[in-house]
>>> print(open('query.txt').read())   # compact mmCIF, C-alpha atoms and all ligand atoms
# COMPACT_ATOMS: atom_id res chain seq x y z
CA MET A 1 -46.54 -13.51 57.53
CA THR A 2 -46.96 -15.93 54.63
CA LYS A 3 -45.96 -14.66 51.24
CA TYR A 4 -47.15 -16.54 48.21
CA ASP A 5 -45.65 -16.73 44.75
CA GLU A 6 -45.48 -13.48 42.77
CA LEU A 7 -48.60 -14.01 40.69
CA THR A 8 -50.73 -15.00 43.68
CA GLU A 9 -49.54 -11.90 45.55
CA PHE A 10 -50.51 -9.78 42.56
CA LEU A 11 -53.95 -11.44 42.35
CA LEU A 12 -54.47 -10.62 46.02
CA LEU A 13 -53.49 -6.99 45.39
CA LEU A 14 -56.17 -6.74 42.68
CA GLY A 15 -58.81 -8.80 44.47
CA ASP A 16 -58.37 -7.26 47.92
CA SER A 17 -58.34 -3.71 46.51
CA ALA A 18 -61.58 -4.31 44.57
CA MET A 19 -63.16 -5.94 47.63
CA VAL A 20 -62.26 -3.11 50.02
CA GLN A 21 -63.26 -0.40 47.54
CA GLY A 22 -66.57 -2.21 46.95
CA GLN A 23 -67.19 -2.40 50.70
CA ARG A 24 -66.44 1.31 51.12
CA LEU A 25 -68.95 2.19 48.41
CA CYS A 26 -71.59 0.06 50.11
CA GLU A 27 -71.21 2.26 53.20
CA TRP A 28 -73.06 4.92 51.21
CA CYS A 29 -76.17 2.73 51.13
CA GLY A 30 -78.99 4.79 52.64
CA ARG A 31 -76.79 7.89 52.90
CA ALA A 32 -76.20 9.03 49.31
CA PRO A 33 -77.26 12.56 48.29
CA ALA A 34 -79.83 11.31 45.74
CA VAL A 35 -81.53 8.02 44.90
CA GLU A 36 -79.93 7.87 41.45
CA GLU A 37 -76.51 8.46 42.95
CA GLU A 38 -77.08 5.78 45.54
CA MET A 39 -77.96 3.25 42.84
CA ALA A 40 -74.86 4.23 40.92
CA LEU A 41 -72.58 3.86 43.95
CA MET A 42 -74.09 0.48 44.82
CA ASN A 43 -73.83 -0.75 41.24
CA VAL A 44 -70.18 0.25 40.96
CA GLY A 45 -69.59 -1.45 44.32
CA LEU A 46 -71.31 -4.58 43.08
CA ASP A 47 -69.15 -4.67 39.95
CA LEU A 48 -66.06 -4.41 42.15
CA VAL A 49 -67.15 -7.17 44.54
CA GLY A 50 -67.79 -9.35 41.47
CA GLN A 51 -64.34 -8.58 40.11
CA ALA A 52 -62.84 -9.29 43.52
CA ARG A 53 -64.49 -12.70 43.49
CA ASN A 54 -62.96 -13.53 40.11
CA TRP A 55 -59.46 -12.52 41.24
CA LEU A 56 -59.77 -14.24 44.62
CA GLU A 57 -61.11 -17.44 43.06
CA TYR A 58 -58.02 -17.59 40.91
CA ALA A 59 -55.82 -16.80 43.92
CA ALA A 60 -57.54 -19.54 45.96
CA GLU A 61 -56.97 -22.03 43.16
CA ARG A 62 -53.26 -21.22 43.22
CA ILE A 63 -52.94 -21.20 47.01
CA ASN A 64 -54.71 -24.56 46.97
CA ASP A 65 -55.03 -25.07 50.72
CA GLY A 66 -58.77 -25.77 50.79
CA ARG A 67 -59.86 -22.15 51.15
CA ASP A 68 -62.17 -20.64 48.54
CA ALA A 69 -62.71 -17.00 47.52
CA ASP A 70 -65.20 -16.43 50.37
CA MET A 71 -62.76 -17.73 52.95
CA LEU A 72 -60.04 -15.47 51.59
CA ALA A 73 -62.36 -12.47 51.75
CA PHE A 74 -64.03 -13.12 55.09
CA ARG A 75 -61.50 -15.01 57.21
CA ARG A 76 -58.22 -13.25 56.59
CA ASP A 77 -56.92 -10.68 59.05
CA GLU A 78 -55.78 -7.23 58.02
CA ARG A 79 -52.11 -8.22 58.00
CA ALA A 80 -52.92 -10.76 55.30
CA TYR A 81 -54.82 -8.25 53.16
CA ARG A 82 -52.82 -6.86 50.23
CA ASN A 83 -55.09 -4.00 49.14
CA LEU A 84 -53.97 -0.48 48.28
CA LEU A 85 -53.91 1.96 51.20
CA LEU A 86 -55.91 4.38 49.05
CA VAL A 87 -59.09 2.28 49.01
CA GLU A 88 -59.17 1.58 52.75
CA GLN A 89 -59.28 5.30 53.61
CA PRO A 90 -62.62 6.45 55.06
CA ASN A 91 -65.22 7.83 52.64
CA GLY A 92 -65.23 11.31 54.18
CA ASP A 93 -67.60 13.59 52.31
CA PHE A 94 -68.76 13.00 48.76
CA ALA A 95 -65.68 14.81 47.44
CA VAL A 96 -63.26 12.43 49.18
CA THR A 97 -65.31 9.44 48.00
CA MET A 98 -65.20 10.63 44.40
CA VAL A 99 -61.52 11.60 44.39
CA LYS A 100 -60.59 8.18 45.81
CA GLN A 101 -62.84 6.50 43.26
CA PHE A 102 -61.38 8.48 40.37
CA LEU A 103 -57.72 7.86 41.31
CA TYR A 104 -58.48 4.16 41.75
CA ASP A 105 -60.53 3.94 38.53
CA ALA A 106 -57.70 5.51 36.52
CA TRP A 107 -55.27 2.97 38.00
CA GLN A 108 -57.61 0.04 37.36
CA TYR A 109 -58.40 1.20 33.83
CA HIS A 110 -54.80 1.39 32.61
CA LEU A 111 -53.72 -1.70 34.50
CA LEU A 112 -56.63 -3.83 33.25
CA GLU A 113 -56.20 -2.59 29.71
CA ALA A 114 -52.60 -3.83 29.77
CA LEU A 115 -53.60 -7.08 31.51
CA THR A 116 -55.96 -8.02 28.66
CA GLU A 117 -52.73 -8.98 26.88
CA SER A 118 -51.25 -10.84 29.81
CA ALA A 119 -49.22 -13.97 29.12
CA ASP A 120 -51.42 -15.63 31.76
CA GLU A 121 -54.71 -16.63 30.10
CA GLN A 122 -56.87 -16.47 33.19
CA VAL A 123 -55.52 -13.03 34.14
CA ALA A 124 -56.30 -11.83 30.60
CA ALA A 125 -59.83 -13.27 30.75
CA ILE A 126 -60.70 -11.63 34.08
CA ALA A 127 -59.13 -8.35 32.91
CA LYS A 128 -61.22 -8.31 29.70
CA LYS A 129 -64.39 -8.84 31.69
CA SER A 130 -63.51 -6.20 34.31
CA LEU A 131 -62.27 -3.60 31.82
CA LYS A 132 -65.71 -3.07 30.31
CA GLU A 133 -67.11 -2.24 33.72
CA VAL A 134 -64.16 -0.12 34.81
CA THR A 135 -64.37 1.93 31.59
CA TYR A 136 -67.84 2.96 32.76
CA HIS A 137 -66.59 3.63 36.28
CA LEU A 138 -63.79 5.88 35.06
CA ARG A 139 -66.11 7.84 32.81
CA ARG A 140 -68.54 8.38 35.67
CA SER A 141 -65.96 9.43 38.27
CA SER A 142 -64.21 11.71 35.73
CA GLU A 143 -67.53 13.46 35.13
CA TRP A 144 -68.00 13.98 38.86
CA MET A 145 -64.46 15.37 39.16
CA GLU A 146 -65.30 17.96 36.54
CA ARG A 147 -68.74 18.79 37.89
CA LEU A 148 -67.49 19.27 41.45
CA GLY A 149 -64.07 20.74 40.68
CA ASP A 150 -65.45 23.24 38.21
CA GLY A 151 -68.69 23.67 40.17
CA THR A 152 -69.35 26.10 43.00
CA GLU A 153 -66.81 27.72 45.26
CA GLU A 154 -67.63 25.25 48.00
CA SER A 155 -67.49 22.14 45.82
CA HIS A 156 -64.17 23.30 44.38
CA ALA A 157 -62.70 23.91 47.85
CA ARG A 158 -63.91 20.52 49.05
CA MET A 159 -62.36 18.80 46.04
CA GLU A 160 -59.00 20.51 46.63
CA ALA A 161 -59.16 19.43 50.28
CA ALA A 162 -60.09 15.87 49.25
CA ILE A 163 -57.09 15.64 46.93
CA ASP A 164 -54.86 16.85 49.77
CA THR A 165 -56.31 14.18 52.06
CA VAL A 166 -55.76 11.13 49.86
CA TRP A 167 -53.00 12.08 47.41
CA ARG A 168 -50.19 10.76 49.64
CA PHE A 169 -51.54 7.22 49.22
CA THR A 170 -51.05 7.28 45.45
CA PHE A 171 -47.34 6.48 45.83
CA GLU A 172 -48.42 2.89 46.19
CA LEU A 173 -50.16 2.71 42.81
CA HIS A 174 -46.78 2.68 41.08
CA ARG A 175 -44.72 0.82 43.61
CA CYS A 176 -42.83 -2.00 41.98
CA ASP A 177 -41.10 -4.74 43.96
CA ALA A 178 -38.90 -7.63 42.83
CA GLY A 179 -41.90 -9.93 42.43
CA MET A 180 -43.65 -7.51 40.12
CA GLN A 181 -40.50 -6.97 38.13
CA ALA A 182 -40.32 -10.70 37.55
CA LEU A 183 -43.98 -10.79 36.47
CA ALA A 184 -43.42 -7.87 34.11
CA ALA A 185 -40.36 -9.56 32.60
CA ALA A 186 -42.48 -12.66 31.97
CA GLY A 187 -45.16 -10.58 30.20
CA VAL A 188 -47.78 -11.35 32.84
CA ILE A 189 -48.19 -7.73 33.97
CA PRO A 190 -47.19 -4.40 32.39
CA GLN A 191 -44.03 -2.45 33.23
CA ALA A 192 -44.64 -0.27 36.28
CA ASP A 193 -43.15 2.90 34.80
CA GLU A 194 -45.28 2.71 31.62
CA LEU A 195 -48.36 2.23 33.73
CA ALA A 196 -47.41 5.13 35.99
CA GLN A 197 -47.04 7.37 32.97
CA ARG A 198 -50.49 6.51 31.59
CA TRP A 199 -52.07 7.05 34.99
CA GLN A 200 -50.29 10.39 35.34
CA THR A 201 -51.53 11.55 31.93
CA THR A 202 -55.17 10.62 32.59
CA VAL A 203 -55.18 12.16 36.06
CA ALA A 204 -53.44 15.37 34.92
CA ASP A 205 -55.91 15.70 32.05
CA VAL A 206 -59.02 15.30 34.20
CA LEU A 207 -57.69 17.54 36.99
CA GLU A 208 -56.95 20.26 34.47
CA LYS A 209 -60.48 20.07 33.02
CA SER A 210 -61.78 20.16 36.58
CA THR A 211 -59.74 23.30 37.38
CA LEU A 212 -58.05 21.35 40.19
CA THR A 213 -54.38 21.38 41.16
CA MET A 214 -52.27 18.31 40.49
CA PRO A 215 -49.90 17.82 43.43
CA GLU A 216 -46.34 16.63 43.04
CA ALA A 217 -45.82 12.88 42.79
CA ALA A 218 -46.38 11.32 46.22
CA ARG A 219 -43.38 9.89 48.10
CA SER A 220 -43.47 6.53 49.79
CA PHE A 221 -43.74 6.22 53.54
CA TYR A 222 -43.73 3.59 56.25
CA LEU A 223 -47.10 1.98 55.48
CA ASN A 224 -47.39 -0.43 52.61
CA GLY A 225 -50.52 -2.43 51.81
CA ARG A 226 -48.73 -4.99 49.72
CA ASP A 227 -46.82 -6.18 52.78
CA GLY A 228 -49.92 -6.07 54.95
CA MET A 229 -48.83 -2.84 56.68
CA HIS A 230 -52.14 -0.97 56.66
CA SER A 231 -53.55 2.20 58.16
CA GLU A 232 -55.81 1.82 61.22
CA HIS A 233 -58.92 2.09 59.02
CA LEU A 234 -58.70 -1.34 57.42
CA GLY A 235 -59.20 -3.28 60.65
CA ILE A 236 -62.44 -1.45 61.38
CA LEU A 237 -63.71 -2.01 57.85
CA LEU A 238 -62.90 -5.73 58.01
CA ALA A 239 -64.50 -6.08 61.45
CA GLU A 240 -67.78 -4.96 59.95
CA MET A 241 -67.43 -6.80 56.65
CA GLN A 242 -66.35 -10.09 58.23
CA PHE A 243 -68.62 -10.05 61.27
CA LEU A 244 -71.15 -12.59 60.03
CA GLN A 245 -68.62 -15.17 58.84
CA ARG A 246 -66.61 -14.75 62.03
CA ALA A 247 -69.64 -15.06 64.32
CA TYR A 248 -71.31 -17.84 62.34
CA PRO A 249 -68.58 -19.62 60.38
CA ASP A 250 -69.80 -21.21 57.14
CA ALA A 251 -73.21 -19.53 57.37
CA SER A 252 -74.89 -19.49 53.97
CA TRP A 253 -78.27 -18.75 52.44
CA MET B 1 -87.86 -36.98 24.61
CA ARG B 2 -89.63 -37.23 27.94
CA ALA B 3 -88.55 -36.30 31.41
CA GLY B 4 -87.13 -39.33 33.15
CA ASP B 5 -85.48 -40.70 30.02
CA LEU B 6 -82.02 -40.02 31.37
CA ILE B 7 -79.51 -38.86 28.83
CA GLY B 8 -75.85 -39.15 29.62
CA THR B 9 -73.81 -41.66 31.56
CA ASP B 10 -72.59 -41.55 35.08
CA ARG B 11 -69.42 -43.47 35.76
CA SER B 12 -70.48 -44.07 39.35
CA SER B 13 -73.79 -45.55 38.29
CA ALA B 14 -73.87 -49.18 37.28
CA SER B 15 -77.48 -49.08 36.15
CA GLY B 16 -78.09 -49.37 32.42
CA GLN B 17 -80.80 -46.72 32.40
CA ARG B 18 -78.60 -44.02 30.97
CA ARG B 19 -77.42 -43.61 27.43
CA GLU B 20 -74.82 -41.51 25.64
CA GLY B 21 -75.99 -38.22 24.13
CA THR B 22 -76.31 -37.47 20.40
CA ALA B 23 -76.34 -34.36 18.22
CA ALA B 24 -80.14 -34.43 18.42
CA ASP B 25 -79.87 -34.30 22.20
CA ILE B 26 -77.75 -31.16 21.94
CA ASP B 27 -80.43 -29.56 19.74
CA TYR B 28 -82.98 -30.58 22.34
CA ALA B 29 -80.86 -29.06 25.12
CA TRP B 30 -80.83 -25.75 23.23
CA GLN B 31 -84.63 -25.94 22.98
CA VAL B 32 -84.89 -26.51 26.71
CA LEU B 33 -82.54 -23.59 27.40
CA ALA B 34 -84.61 -21.37 25.08
CA ASP B 35 -87.40 -21.67 27.68
CA VAL B 36 -85.25 -20.72 30.70
CA PRO B 37 -86.08 -17.10 31.54
CA ASP B 38 -83.62 -14.55 32.83
CA PRO B 39 -84.79 -14.03 36.44
CA GLU B 40 -84.43 -10.23 36.27
CA VAL B 41 -85.94 -9.82 32.81
CA PRO B 42 -88.27 -12.83 32.52
CA ALA B 43 -89.42 -11.69 29.07
CA VAL B 44 -86.19 -12.98 27.52
CA SER B 45 -84.57 -16.38 27.77
CA VAL B 46 -80.96 -17.05 28.71
CA VAL B 47 -80.35 -18.03 25.06
CA GLU B 48 -81.84 -14.79 23.72
CA LEU B 49 -79.71 -12.86 26.20
CA GLY B 50 -76.64 -14.54 24.73
CA ILE B 51 -75.24 -15.87 27.98
CA VAL B 52 -75.29 -19.56 26.97
CA ARG B 53 -72.09 -19.82 24.94
CA GLU B 54 -71.73 -23.49 24.16
CA VAL B 55 -73.48 -26.81 24.63
CA SER B 56 -71.55 -30.05 24.08
CA TRP B 57 -71.00 -33.60 25.32
CA GLN B 58 -68.00 -34.28 27.48
CA ASP B 59 -67.27 -37.50 29.33
CA GLY B 60 -70.86 -38.62 29.05
CA HIS B 61 -72.34 -35.42 30.44
CA LEU B 62 -74.03 -32.47 28.87
CA HIS B 63 -71.57 -29.60 29.22
CA VAL B 64 -72.85 -26.01 29.20
CA LEU B 65 -70.67 -22.90 29.08
CA VAL B 66 -72.32 -19.83 30.61
CA THR B 67 -70.95 -16.30 30.74
CA PRO B 68 -72.01 -13.66 33.29
CA THR B 69 -73.41 -10.32 32.05
CA TYR B 70 -71.56 -8.28 34.72
CA SER B 71 -68.87 -9.52 37.13
CA GLY B 72 -71.04 -8.61 40.08
CA CYS B 73 -74.38 -9.74 38.67
CA PRO B 74 -76.13 -11.24 41.72
CA ALA B 75 -78.31 -13.37 39.45
CA THR B 76 -75.39 -15.37 38.02
CA GLU B 77 -75.67 -18.27 40.44
CA PHE B 78 -79.46 -18.25 40.35
CA ILE B 79 -79.37 -18.42 36.54
CA GLU B 80 -77.02 -21.39 36.70
CA GLN B 81 -79.39 -23.09 39.12
CA LEU B 82 -82.37 -22.48 36.81
CA ILE B 83 -80.43 -23.89 33.87
CA ARG B 84 -79.39 -26.96 35.81
CA GLU B 85 -82.94 -27.63 37.02
CA ALA B 86 -84.46 -27.17 33.55
CA LEU B 87 -81.96 -29.59 32.00
CA GLU B 88 -82.45 -32.16 34.76
CA ASP B 89 -86.23 -31.91 34.40
CA ALA B 90 -85.82 -32.54 30.69
CA GLY B 91 -83.93 -35.75 31.43
CA PHE B 92 -80.29 -34.71 31.21
CA ALA B 93 -78.33 -36.46 33.94
CA GLU B 94 -76.02 -34.25 35.99
CA PRO B 95 -75.40 -31.49 33.47
CA GLN B 96 -72.03 -29.81 33.95
CA LEU B 97 -72.06 -26.03 34.03
CA GLN B 98 -68.94 -23.98 33.64
CA GLN B 99 -68.37 -20.25 33.70
CA LYS B 100 -66.56 -18.73 30.75
CA LEU B 101 -65.29 -15.14 31.11
CA ASP B 102 -63.47 -14.69 27.82
CA PRO B 103 -64.70 -13.42 25.42
CA ALA B 104 -66.58 -11.09 27.74
CA TRP B 105 -70.35 -10.87 27.29
CA THR B 106 -71.54 -8.05 25.09
CA THR B 107 -75.03 -6.74 24.41
CA ASP B 108 -74.26 -7.49 20.73
CA TRP B 109 -75.07 -11.11 21.62
CA ILE B 110 -78.70 -10.34 22.48
CA THR B 111 -80.69 -11.85 19.61
CA ASP B 112 -83.09 -9.83 17.44
CA ALA B 113 -86.02 -11.73 18.95
CA GLY B 114 -84.63 -10.92 22.40
CA ARG B 115 -84.46 -7.21 21.56
CA GLU B 116 -88.08 -7.20 20.42
CA LYS B 117 -89.16 -8.94 23.62
CA LEU B 118 -87.26 -6.42 25.73
CA ARG B 119 -89.05 -3.58 23.96
CA ALA B 120 -92.44 -5.25 24.42
CA PHE B 121 -91.56 -5.72 28.12
CA GLY B 122 -90.96 -1.95 28.46
CA ILE B 123 -87.15 -2.00 28.38
CA ALA B 124 -85.43 -0.13 25.56
CA PRO B 125 -82.95 -2.54 23.92
CA PRO B 126 -79.27 -1.53 23.51
CA VAL B 127 -78.66 0.92 20.69
CA GLY B 128 -75.93 0.16 18.14
CA SER B 129 -73.04 -2.19 18.70
CA SER B 130 -70.66 -2.19 21.63
CA SER B 131 -67.39 -0.40 21.14
CA LYS B 132 -65.01 1.60 23.21
CA ARG B 133 -66.78 4.67 21.88
CA SER B 134 -70.11 3.57 23.26
CA LEU B 135 -68.50 2.97 26.66
CA LEU B 136 -66.68 6.28 26.76
CA GLY B 137 -68.94 8.42 24.63
CA GLU B 138 -72.12 10.35 25.05
CA ALA B 139 -75.48 8.84 25.97
CA PRO B 140 -77.02 7.34 22.78
CA GLN B 141 -80.32 8.30 21.18
CA VAL B 142 -82.71 5.88 22.84
CA GLN B 143 -86.23 5.18 21.60
CA CYS B 144 -89.07 5.15 24.15
CA PRO B 145 -90.37 1.54 24.39
CA HIS B 146 -93.87 2.83 25.17
CA CYS B 147 -94.60 5.37 22.41
CA GLY B 148 -91.62 5.06 20.07
CA SER B 149 -90.53 8.67 20.51
CA GLU B 150 -86.81 9.46 20.23
CA HIS B 151 -87.34 12.51 22.39
CA THR B 152 -85.88 10.90 25.54
CA GLU B 153 -83.31 11.78 28.20
CA GLN B 154 -81.12 9.89 30.62
CA ILE B 155 -82.03 10.32 34.28
CA SER B 156 -79.40 8.04 35.76
CA GLU B 157 -76.59 5.97 34.37
CA PHE B 158 -77.75 3.10 36.56
CA GLY B 159 -81.26 1.69 36.76
CA SER B 160 -82.80 -1.19 38.67
CA THR B 161 -79.80 -3.40 37.84
CA ALA B 162 -76.20 -2.82 36.73
CA CYS B 163 -77.08 -3.67 33.12
CA LYS B 164 -79.66 -0.91 32.81
CA ALA B 165 -79.77 2.90 32.81
CA LEU B 166 -82.79 4.99 33.74
CA TYR B 167 -84.43 7.13 31.03
CA ARG B 168 -87.49 9.32 30.68
CA CYS B 169 -89.62 9.99 27.62
CA ARG B 170 -90.25 13.68 27.02
CA ASP B 171 -93.33 12.97 24.91
CA CYS B 172 -95.34 10.39 26.85
CA LEU B 173 -93.48 11.37 30.07
CA GLU B 174 -93.06 7.73 31.14
CA PRO B 175 -89.80 6.68 32.78
CA PHE B 176 -88.23 3.48 31.43
CA ASP B 177 -85.17 1.24 31.71
CA TYR B 178 -82.60 1.20 28.93
CA PHE B 179 -80.46 -1.92 28.48
CA LYS B 180 -76.98 -0.40 28.32
CA CYS B 181 -74.66 -1.21 25.47
CA ILE B 182 -71.52 -2.93 26.66
ZN ZN C 1 -92.74 7.71 25.23
>>> encode(input="query.txt", output="structure tokens")
Amino acid sequence: MTKYDELTEFLLLLGDSAMVQGQRLCEWCGRAPAVEEEMALMNVGLDLVGQARNWLEYAAERINDGRDADMLAFRRDERAYRNLLLVEQPNGDFAVTMVKQFLYDAWQYHLLEALTESADEQVAAIAKKSLKEVTYHLRRSSEWMERLGDGTEESHARMEAAIDTVWRFTFELHRCDAGMQALAAAGVIPQADELAQRWQTTVADVLEKSTLTMPEAARSFYLNGRDGMHSEHLGILLAEMQFLQRAYPDASW
Amino acid sequence: MRAGDLIGTDRSSASGQRREGTAADIDYAWQVLADVPDPEVPAVSVVELGIVREVSWQDGHLHVLVTPTYSGCPATEFIEQLIREALEDAGFAEPQLQQKLDPAWTTDWITDAGREKLRAFGIAPPVGSSSKRSLLGEAPQVQCPHCGSEHTEQISEFGSTACKALYRCRDCLEPFDYFKCI
């Protein structure tokens, strides 16, 4: 499997994660519990797909083999996708959807905030743009955590179960490989341990307010999105997302 | 200036019909852009919305820097197309459009005239200036664009588009869009 330079790999991690999370949110279209909530889910999804495009455009420019952002999104197989395992997990009920969203938002928020000062100008520019949107996302998902966690007996139980379901995938949010160490040393991305600490603080704070239990830090296991080793759910998601471009290559409107 | 009087040079064109642009042409380009409506809020122009960041001459072409409101705004490409068409109709040859992400668009860039037009169109303009507090904080006190009452409440953080939230007036009971402060 082709590995690109460190920065390109990192751009794919950000772009692919936003793309997959955006696609997952769009699965709620026509199924959300209320019209207002459906609009909110779709709008957050749209922001993420837009952010994904910005990251993937930059990645495509660096890969420079004639593929554009659309080709990267719609014609790569799951082994070439670098997204977080967390975002490819199925939506489950509304509790699972919100817990996933919150854990991802907290990661995005602290990462993007640090990236606004990246030594790479284009990374900083995309981060500044995305951060405004993600600040909103984090506020919204934090509010849902509190409302559902500190809500009824059933909503609380479902939230605890949701955390149990997806928590194990959070190990990956703080995983740091040699490539990322090099990027951090060059001032392009933040230090992984500092980022992990900020994420931990935000998550612990919101879980406490939500009367939910914070599990122990997750340990790594055999799957690893950054190397293209995904759970079985990503392939199904991509099959749906990429169908049109696979069936009718270069279709446009 | 009339349509058909091509401004700008094209290196691939040997015809002498084109001429180099001047400062007056840049002023004229701004006037043309002031008449290009935002497709989702046609009451305001792309200039009043603050998404046209810079107009200049580069290599014999009019060069326009445009910034998107939201990363995922589906109107971004359509807006660029409208801008390109308006400039071409006004006689600018092959205007070059480029997206500029940094500094990120803020509702602070919506002009006073733009805010008034939003209100007249039935959309409450953004309240106050953008800051981290406004992004993280409580919903602001929004004035009803229909009756002017401040007795309003937020129904949904998202309205018909990502840039708007849905509100309701408790006095005249009308629902309305609020242009969120970012
Ligand atoms: Zn009113």
>>> residues_near_ligand(input="query.txt", ligand="ligand ZN 1 (chain C)", cutoff="7 Å", atoms="all atoms listed in the file", output="list in words")
Cys144, Pro145, His146, Cys147, Gly148, Ser149, Cys169, Arg170, Asp171, Cys172, Leu173 and Glu174 of chain B
>>> interface_residues(input="query.txt", of="chain B", to="chain A", cutoff="6 Å", atoms="all atoms listed in the file", output="ChimeraX atom specification")
/B:71-72,101-102,104,156,158,162
>>> atom_distance(input="query.txt", atom1="CA of Ala204 in chain A", atom2="CA of Ile189 in chain A")
23.7 Å
>>> atom_distance(input="query.txt", atom1="CA of Gln58 in chain B", atom2="CA of Ala29 in chain B")
14.1 Å
>>> residues_around(input="query.txt", residues="Gln242 in chain A", least_positions_apart="6", cutoff="9 Å", atoms="only C-alpha atoms", output="short mmCIF file (atom, residue, chain, number, x, y, z; two decimals) with C-alpha atoms, in the frame of the given file")
data_model
loop_
_atom_site.label_atom_id
_atom_site.label_comp_id
_atom_site.auth_asym_id
_atom_site.auth_seq_id
_atom_site.Cartn_x
_atom_site.Cartn_y
_atom_site.Cartn_z
CA ALA A 73 -62.36 -12.47 51.75
CA PHE A 74 -64.03 -13.12 55.09
CA ARG A 75 -61.50 -15.01 57.21
CA ARG A 76 -58.22 -13.25 56.59
#
>>> closest_residue(input="query.txt", among="B:Ala23, B:Leu33, B:Val52, B:Cys163", to="Lys100 in chain B", atoms="only C-alpha atoms")
B:Val52
>>> residues_near_point(input="query.txt", point="(-57.2, -17.4, 49.0)", cutoff="10 Å", atoms="only C-alpha atoms", output="PyMOL selection string")
chain A and resi 8+11-12+15+55-73+75-76
>>> closest_residue(input="query.txt", among="B:Gly122, B:Pro37, B:Pro42, B:Gly21", to="Ala86 in chain B", atoms="all atoms listed in the file")
B:Pro37
>>> residues_around(input="query.txt", residues="Ala157 in chain A", least_positions_apart="5", cutoff="12 Å", atoms="all atoms listed in the file", output="number ranges by chain")
A: 95-96, 148-152, 162-164, 210-213
>>> residues_around(input="query.txt", residues="range 223-234 of chain A", least_positions_apart="5", cutoff="6 Å", atoms="all atoms listed in the file", output="list of chain:residue names")
A:Arg79, A:Ala80, A:Tyr81, A:Arg82, A:Asn83, A:Leu84, A:Leu85, A:Glu88
>>> atom_distance(input="query.txt", atom1="CA of Thr165 in chain A", atom2="CA of Met145 in chain A")
15.3 Å
>>> closest_residue(input="query.txt", among="B:Ser56, B:Gln141, B:Ser160, B:Thr69", to="Tyr28 in chain B", atoms="all atoms listed in the file")
B:Ser56
>>> axis_aligned_box(input="query.txt", around="range 69-83 of chain B", padding_each_side="8 Å", output="lines of an AutoDock Vina configuration file")
center_x = -75.6
center_y = -16.1
center_z = 36.9
size_x = 29.5
size_y = 31.6
size_z = 25.7
>>> residues_around(input="query.txt", residues="Lys117 in chain B", least_positions_apart="5", cutoff="12 Å", atoms="all atoms listed in the file", output="list in words")
Pro37, Val41, Pro42, Ala43, Val44, Ser45, Glu48, Leu49, Ile110, Thr111, Asp112, Gly122, Ile123, Ala124, Pro125 and Pro145 of chain B
>>> closest_residue(input="query.txt", among="B:Gln96, B:Thr107, B:Gln31, B:Gln143", to="Lys164 in chain B", atoms="only C-alpha atoms")
B:Thr107
>>> closest_residue(input="query.txt", among="A:Gln21, A:Gln108, A:Thr2, A:Thr97", to="Arg158 in chain A", atoms="only C-alpha atoms")
A:Thr97
>>> closest_residue(input="query.txt", among="A:Ile236, A:Leu111, A:Leu207, A:Ala218", to="Leu195 in chain A", atoms="only C-alpha atoms")
A:Leu111
>>> residues_around(input="query.txt", residues="Ile7 in chain B", least_positions_apart="6", cutoff="8 Å", atoms="all atoms listed in the file", output="PDB file with C-alpha atoms, keeping the file's coordinate frame")
ATOM      1  CA  ARG B  18     -78.600 -44.020  30.970  1.00  0.00           C
ATOM      2  CA  ARG B  19     -77.420 -43.610  27.430  1.00  0.00           C
ATOM      3  CA  GLU B  20     -74.820 -41.510  25.640  1.00  0.00           C
ATOM      4  CA  GLY B  21     -75.990 -38.220  24.130  1.00  0.00           C
ATOM      5  CA  GLY B  91     -83.930 -35.750  31.430  1.00  0.00           C
ATOM      6  CA  PHE B  92     -80.290 -34.710  31.210  1.00  0.00           C
ATOM      7  CA  ALA B  93     -78.330 -36.460  33.940  1.00  0.00           C
TER       8      ALA B  93
END
